[in-house]
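**Student:** Below are the structure tokens for one structure; questions will follow.
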There are 2 protein chains.
Amino acid sequence: MVAPLNVGIAGLGTVGSEVVRLIEQQGRALSARCGRGVRVVAVTARSKAKKRGVDLRSVTWAKNPLAVATDPEVDCFVELMGGVGDPALSAIEAALRAGKSVVTANKALIAKHGFRLAGLAEQHGGALNYEAAVGAAIPVIKTLREGLAGTTINRVYGILNGTCNYILTRMEQESLSFAECLKDAQRLGYAEANPSFDVDGHDTAQKLSILASLAFGTRVAQRAVYVEGISSIAPEDLRAADELGYRVKLLGVAVRTAKGIEQRVHPTMVPKTSSIAQVMGVTNAVTIDGEGIPPITLVGPGAGGAATASAVVADIADVARGIRALPFGRPVARLRATKKAPMERHEGGYYIRLMARDLAGTAATIATRLAEQKISIESIVQRHPDGKFDGNGASRNASPVPVILITYATSEDAMRRALQAVQADKVITGRPQVIRIEKN
Amino acid sequence: MVAPLNVGIAGLGTVGSEVVRLIEQQGRALSARCGRGVRVVAVTARSKAKKRGVDLRSVTWAKNPLAVATDPEVDCFVELMGGVGDPALSAIEAALRAGKSVVTANKALIAKHGFRLAGLAEQHGGALNYEAAVGAAIPVIKTLREGLAGTTINRVYGILNGTCNYILTRMEQESLSFAECLKDAQRLGYAEANPSFDVDGHDTAQKLSILASLAFGTRVAQRAVYVEGISSIAPEDLRAADELGYRVKLLGVAVRTAKGIEQRVHPTMVPKTSSIAQVMGVTNAVTIDGEGIPPITLVGPGAGGAATASAVVADIADVARGIRALPFGRPVARLRATKKAPMERHEGGYYIRLMARDLAGTAATIATRLAEQKISIESIVQRHPDGKFDGNGASRNASPVPVILITYATSEDAMRRALQAVQADKVITGRPQVIRIEKN
């Protein structure tokens with residue numbers, strides 16, 4: 001029997017404690033699966049005194065993360081502290097430099113330093129596993145890195161932030177405002193006191209940049225991601241989407257185009273019949289479009305201590321079994337710099353909601369401005385104050401009336417120019433609401 | 001650079017030809033991913049002359065599968081002939097005995113001989129990869145074997161047969177009969193001329209037995225699977241399911257119970273809101289319930305040349321990279337014999353549709369018989385000839401009237417005894433329709 005894999009863990013919060021518990025509880029099963037034992041030999045955490053419900057008596061308490069990472073007893077360093085910089089970063093670097101394998105759930109750190117860390121791992125022969133960084137227990141990293149190794153991937157997109165999906169689900173199902181649902185999410189612990197990282201799309205952008213790297217063989221580049229959050233979404237958008245056969249989701253989308261790799265995070269209208277549209281509440285989902293094959297969708301818990309720990313332990317098990325995939329599926333020398341497709345050249349359909357001043361020719365003016373930009377309209381409907389749609393474009397009273405347009409595929413650029421012209425025409429009040437449509 | 005992995009392929013049908021094409025087309029990407037080249041060096045197929053659209057000029061044509069399997073040039077033997085016995089079986093055995101790795105898409109063979117073949121692979125050090133055998137490109141084998149290595153799995157269930165799901169989807173959406181939809185499926189090439197293997201549930205049973213082995217660490221035992229097909233399902237069942245908040249799917253379900261591992265294939269009512277209920281047409285899906293974590297669902301193409309080839313090439317890439325998971329995730333010595341939970345002791349809710357003779361007391365008689373078996377009724381409704389439900393149990397005319405019951409959880413045994421008693425009471429005509437309910 002091979003010697004057991006000695007694991008050192010930095011960070012004993014919910015996830016870290018659960019990892020210790022799982023390794024203990026799954027001891028026999030894990031050693032059968034891996035052909036060797038797996039045991040925690042060293043840990044570090046801010047507080048040694050905190051009650052964690054796990055037995056750490058036989059484990060060395062190291063004075064800091066770096067001490068765990070460089071402990072000669074430790075074969076596999078598990079970083080569960082979080083944070084984009086030190087102490088996590090320098091501890092991971094030290095572990096990799098010492099030839100150890102590293103397992104982390106730290107999406108921010110992988111999104112920012114993943115390329116450089118993958119180089120270190122490759123150079124020194126250790127693994128760098130981060131399944132838990134995206135979609136927690138959903139095996140999306142393994143699927144992109146190994147399960148679809150023989151397939152050219154054209155698009156990967158998903159619901160990568162449970163907070164946003166929870167808010168949009170509540171807004172849709174209960175006709176509530178964004179602010180109300182955010183407050184509930186905060187009360188339930190789904191959203192932070194400062195919710196910007198989640199609701200403005202930055203969390204999704206970090207995860208998307210990691211998926212894009214794996215899917216397209218490019219260097220992780222969070223800066224290449226166009227980001228819009230969900231705070232501007234109103235219940236009337238969700239209602240209109242429903243009537244038009246769509247749902248609104250905050251998607252991260254990475255797609256191969258003739259102009260480069262497009263990476264974007266924004267509220268998106270998805271057909272109600274798509275797998276991704278069915279995903280409700282805090283659940284996450286990722287859809288992968290491989291060349292010549294129908295889409296594959298993975299759905300599951302994108303957060304939570306147990307789900308995250310499940311992925312961390314699977315990553316540790318891979319290390320124990322000697323499975324060492326390259327961190328981004330390819331040698332770093334083969335990872336190309338991301339050729340960013342400019343957002344202005346994005347092509348797709350659009351949902352546009354305008355508040356038309358109640359002038360007879362408003363619809364005609366809007367249609368003309370869109371036609372000037374060669375944008376074809378799939379449907380144009382005007383919502384009367386009674387809440388019902390009407391396709392005839394006629395207006396009935398003097399206050400602004402919502403007009404909702406769905407366009408056929410056009411470019412972002414053309415759409416922006418058309419809306420600027422409409423605004424200059426002063427036939428609408430306020431800013432137009434624009435939601436991109438993603439076809440499945 | 002390590003020497004390239006030499007692949008030998010037996011079987012050049014749709015899948016085999018696509019594997020050759022993918023390896024050629026993905027050559028550079030594959031070698032980057034694997035750290036070594038991957039090339040096809042030997043093939044065999046029934047017809048050498050058949051047009052396949054791939055270049056096989058530099059490849060050795062072997063006289064039979066065994067010759068490919070034992071060719072000293074071949075490192076990895078890929079079996080794509082199908083069939084539960086020879087020549088596939090003896091060729092795979094010979095390849096494993098020679099220490100080669102084997103990749104196959106052959107579910108029937110893995111379901112029947114998987115345990116013994118896993119032993120051979122383990123003994124001689126080769127891999128035995130079969131991702132394509134269940135759910136084609138959906139990475140469900142890898143997910144159970146590696147991605148959830150740290151998680152105790154309590155249940156795995158899914159839509160594993162596209163033909164059945166296509167038929168049930170058409171029946172539901174267009175109110176057609178089973179026979180009509182089967183005919184269409186045959187016309188479209190989704191169903192065989194002899195459809196029994198698919199529609200009677202045997203294909204699902206083979207796949208389920210493989211998933212159960214991976215999930216629970218048991219020996220594959222297709223005989224331990226209880227099987228019912230979909231031919232008895234009527235459009236009125238699907239309509240009633242819809243009105244009650246369910247959909248009917250042919251599920252394979254493997255679940256850990258106090259009495260052992262329950263493995264069953266049967267038409268199943270699933271809540272309309274579940275991920276699995278959204279899966280329409282030929283698409284497959286598998287849901288995995290891990291201890292303490294919300295369900296993970298994988299959705300995608302369960303058949304088709306390109307989707308199957310994608311999984312085969314990913315399996316080959318794992319061999320090339322030296323990733324060798326144990327075929328069933330654990331050493332064969334640790335795979336327990338399946339302790340089969342008897343179907344009579346299955347516990348769950350039931351949908352029952354009876355044709356009541358139009359006697360005043362029918363509903364009361366049925367309720368009494370169920371009560372004698374301690375079965376609680378969640379709802380009882382009677383469908384009038386106008387097609388509308390009525391909760392009051394009153395009857396309006398003299399011809400038999402459908403009565404639909406939903407029970408709370410009870411045992412299969414109790415339910416069967418109650419229905420026997422109802423039949424003996426002669427208050428119904430024909431046989432009761434029974435569909436088990438699976439909660440998510």
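Chain labels run A, B, ... following the order of the structure tokens; each chain numbers its residues from 1, and ligands are numbered from 1 in the order shown.
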Show me which bits of chain B are within 8 Å of chain A, counting only C-alpha atoms, as a PyMOL selection string.
**Tutor:** chain B and resi 22-23+26+30+32-35+137-139+142-143+146-152+275+278-279+292-301+306-307+310-311+313-315+317-318+321-326+329-331+334
**Student:** Could those selected residues go to a file with N, CA and C atoms, as a short mmCIF file (atom, residue, chain, number, x, y, z; two decimals), in the first residue's frame?
**Tutor:**
```
data_model
loop_
_atom_site.label_atom_id
_atom_site.label_comp_id
_atom_site.auth_asym_id
_atom_site.auth_seq_id
_atom_site.Cartn_x
_atom_site.Cartn_y
_atom_site.Cartn_z
N LEU B 22 -12.56 12.75 -35.18
CA LEU B 22 -12.25 13.66 -34.07
C LEU B 22 -10.77 13.61 -33.71
N ILE B 23 -10.21 12.40 -33.66
CA ILE B 23 -8.80 12.27 -33.29
C ILE B 23 -7.92 12.98 -34.32
N GLN B 26 -8.79 16.89 -33.98
CA GLN B 26 -8.37 17.46 -32.70
C GLN B 26 -6.91 17.17 -32.40
N LEU B 30 -5.49 17.77 -28.79
CA LEU B 30 -5.40 16.57 -27.95
C LEU B 30 -3.98 16.36 -27.43
N ALA B 32 -1.74 18.58 -26.98
CA ALA B 32 -1.45 19.60 -25.96
C ALA B 32 -2.08 19.22 -24.63
N ARG B 33 -3.33 18.78 -24.68
CA ARG B 33 -4.03 18.40 -23.46
C ARG B 33 -3.37 17.21 -22.77
N CYS B 34 -2.88 16.27 -23.59
CA CYS B 34 -2.42 15.00 -23.02
C CYS B 34 -0.91 14.96 -22.81
N GLY B 35 -0.21 15.93 -23.34
CA GLY B 35 1.24 15.91 -23.23
C GLY B 35 1.86 14.86 -24.14
N ALA B 137 -22.48 11.77 -24.25
CA ALA B 137 -21.54 12.85 -23.92
C ALA B 137 -21.76 13.44 -22.54
N ILE B 138 -22.82 13.06 -21.86
CA ILE B 138 -23.04 13.57 -20.50
C ILE B 138 -22.02 12.89 -19.58
N PRO B 139 -21.19 13.66 -18.88
CA PRO B 139 -20.08 13.03 -18.14
C PRO B 139 -20.52 12.42 -16.81
N LYS B 142 -17.82 9.84 -15.10
CA LYS B 142 -16.72 10.58 -14.48
C LYS B 142 -17.20 11.31 -13.23
N THR B 143 -18.41 11.83 -13.28
CA THR B 143 -18.94 12.56 -12.13
C THR B 143 -19.12 11.63 -10.94
N GLU B 146 -15.35 10.15 -10.07
CA GLU B 146 -14.31 11.07 -9.61
C GLU B 146 -14.88 12.35 -8.97
N GLY B 147 -15.84 12.95 -9.66
CA GLY B 147 -16.32 14.27 -9.23
C GLY B 147 -17.01 14.26 -7.88
N LEU B 148 -17.57 13.12 -7.50
CA LEU B 148 -18.25 13.03 -6.21
C LEU B 148 -17.57 12.01 -5.30
N ALA B 149 -16.24 11.86 -5.51
CA ALA B 149 -15.49 10.86 -4.76
C ALA B 149 -15.58 11.10 -3.26
N GLY B 150 -15.83 12.34 -2.85
CA GLY B 150 -15.84 12.63 -1.41
C GLY B 150 -17.23 12.64 -0.81
N THR B 151 -18.22 12.20 -1.55
CA THR B 151 -19.61 12.37 -1.12
C THR B 151 -20.32 11.02 -1.07
N THR B 152 -21.05 10.77 0.00
CA THR B 152 -21.89 9.58 0.07
C THR B 152 -23.11 9.81 -0.80
N SER B 275 -35.98 19.34 -11.98
CA SER B 275 -35.12 19.46 -13.17
C SER B 275 -35.43 18.35 -14.16
N GLN B 278 -38.27 18.67 -16.71
CA GLN B 278 -38.11 19.61 -17.83
C GLN B 278 -37.49 18.95 -19.05
N VAL B 279 -36.99 17.73 -18.88
CA VAL B 279 -36.21 17.10 -19.94
C VAL B 279 -37.15 16.50 -20.99
N GLY B 292 -26.27 15.38 2.24
CA GLY B 292 -26.12 16.74 2.75
C GLY B 292 -26.03 17.83 1.71
N ILE B 293 -26.12 17.48 0.42
CA ILE B 293 -26.06 18.53 -0.60
C ILE B 293 -27.27 18.45 -1.53
N PRO B 294 -27.69 19.60 -2.04
CA PRO B 294 -28.82 19.58 -2.98
C PRO B 294 -28.47 18.75 -4.21
N PRO B 295 -29.52 18.26 -4.91
CA PRO B 295 -29.27 17.39 -6.06
C PRO B 295 -28.45 18.05 -7.17
N ILE B 296 -27.68 17.22 -7.85
CA ILE B 296 -26.92 17.65 -9.02
C ILE B 296 -27.54 16.94 -10.22
N THR B 297 -27.89 17.69 -11.26
CA THR B 297 -28.51 17.11 -12.43
C THR B 297 -27.66 17.38 -13.66
N LEU B 298 -27.40 16.35 -14.44
CA LEU B 298 -26.65 16.49 -15.68
C LEU B 298 -27.60 16.19 -16.83
N VAL B 299 -27.69 17.10 -17.78
CA VAL B 299 -28.65 16.98 -18.88
C VAL B 299 -27.90 17.05 -20.21
N GLY B 300 -28.28 16.22 -21.16
CA GLY B 300 -27.64 16.33 -22.47
C GLY B 300 -28.03 15.20 -23.40
N PRO B 301 -27.32 15.12 -24.52
CA PRO B 301 -27.65 14.09 -25.51
C PRO B 301 -27.23 12.72 -25.00
N ALA B 306 -22.02 11.75 -32.81
CA ALA B 306 -21.06 12.76 -32.37
C ALA B 306 -20.97 12.81 -30.85
N ALA B 307 -22.13 12.71 -30.18
CA ALA B 307 -22.13 12.78 -28.71
C ALA B 307 -21.42 11.56 -28.12
N SER B 310 -17.68 11.88 -28.72
CA SER B 310 -17.08 12.86 -27.81
C SER B 310 -16.65 12.20 -26.51
N ALA B 311 -17.51 11.35 -25.96
CA ALA B 311 -17.18 10.67 -24.71
C ALA B 311 -16.07 9.64 -24.92
N VAL B 313 -13.63 9.78 -27.11
CA VAL B 313 -12.35 10.48 -27.25
C VAL B 313 -11.87 11.03 -25.90
N ALA B 314 -12.80 11.51 -25.07
CA ALA B 314 -12.40 11.97 -23.74
C ALA B 314 -11.81 10.81 -22.93
N ASP B 315 -12.41 9.63 -23.06
CA ASP B 315 -11.88 8.44 -22.38
C ASP B 315 -10.47 8.10 -22.90
N ALA B 317 -8.41 10.25 -24.17
CA ALA B 317 -7.52 11.31 -23.68
C ALA B 317 -7.09 11.01 -22.24
N ASP B 318 -8.00 10.50 -21.43
CA ASP B 318 -7.63 10.13 -20.06
C ASP B 318 -6.54 9.05 -20.07
N ARG B 321 -3.22 10.63 -21.02
CA ARG B 321 -2.63 11.44 -19.95
C ARG B 321 -2.21 10.60 -18.76
N GLY B 322 -2.48 9.31 -18.83
CA GLY B 322 -2.08 8.44 -17.72
C GLY B 322 -3.05 8.50 -16.56
N ILE B 323 -4.22 9.07 -16.78
CA ILE B 323 -5.24 9.06 -15.73
C ILE B 323 -5.89 7.68 -15.74
N ARG B 324 -5.78 6.99 -14.65
CA ARG B 324 -6.38 5.67 -14.61
C ARG B 324 -7.21 5.53 -13.34
N ALA B 325 -8.48 5.85 -13.47
CA ALA B 325 -9.39 5.63 -12.34
C ALA B 325 -9.74 4.15 -12.35
N LEU B 326 -10.03 3.60 -11.21
CA LEU B 326 -10.51 2.23 -11.18
C LEU B 326 -11.87 2.19 -11.88
N GLY B 329 -14.53 2.88 -9.67
CA GLY B 329 -14.18 3.84 -8.63
C GLY B 329 -13.54 3.24 -7.40
N ARG B 330 -13.62 1.92 -7.27
CA ARG B 330 -13.06 1.23 -6.11
C ARG B 330 -12.42 -0.06 -6.58
N PRO B 331 -11.49 -0.61 -5.82
CA PRO B 331 -10.91 -1.91 -6.21
C PRO B 331 -12.04 -2.96 -6.26
N ARG B 334 -13.34 -4.50 -3.19
CA ARG B 334 -14.19 -3.69 -2.31
C ARG B 334 -15.61 -3.53 -2.83
#
```
**Student:** Which residues in stretch 86-223 of chain A does DSSP call strand (DSSP E)? List them as a list in words.
**Tutor:**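 Secondary structure check on stretch 86-223 of chain A, strand (DSSP E): Ser101, Val102, Val103, Thr104, Leu128, Asn129, Ile153, Asn154, Arg155, Val156, Tyr157, Gly158 and Ile159 of chain A.
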**Student:** For the atom pair atom CA of B:Gly162 and atom CA of B:Ala341, what is the interatomic distance in Å to one decimal place?
**Tutor:** 27.2 Å
**Student:** Please indicate the distance in Å from atom CA of B:Ala62 to atom CA of B:Asn129, rounded to one decimal place.
**Tutor:** 22.6 Å
**Student:** Just asking: which residues within stretch 87-325 of chain B are alpha helix (DSSP H) according to DSSP, as a PyMOL selection string?
**Tutor:** chain B and resi 88-97+107-124+140-142+162-174+178-187+196-199+202-216+235-243+305-320
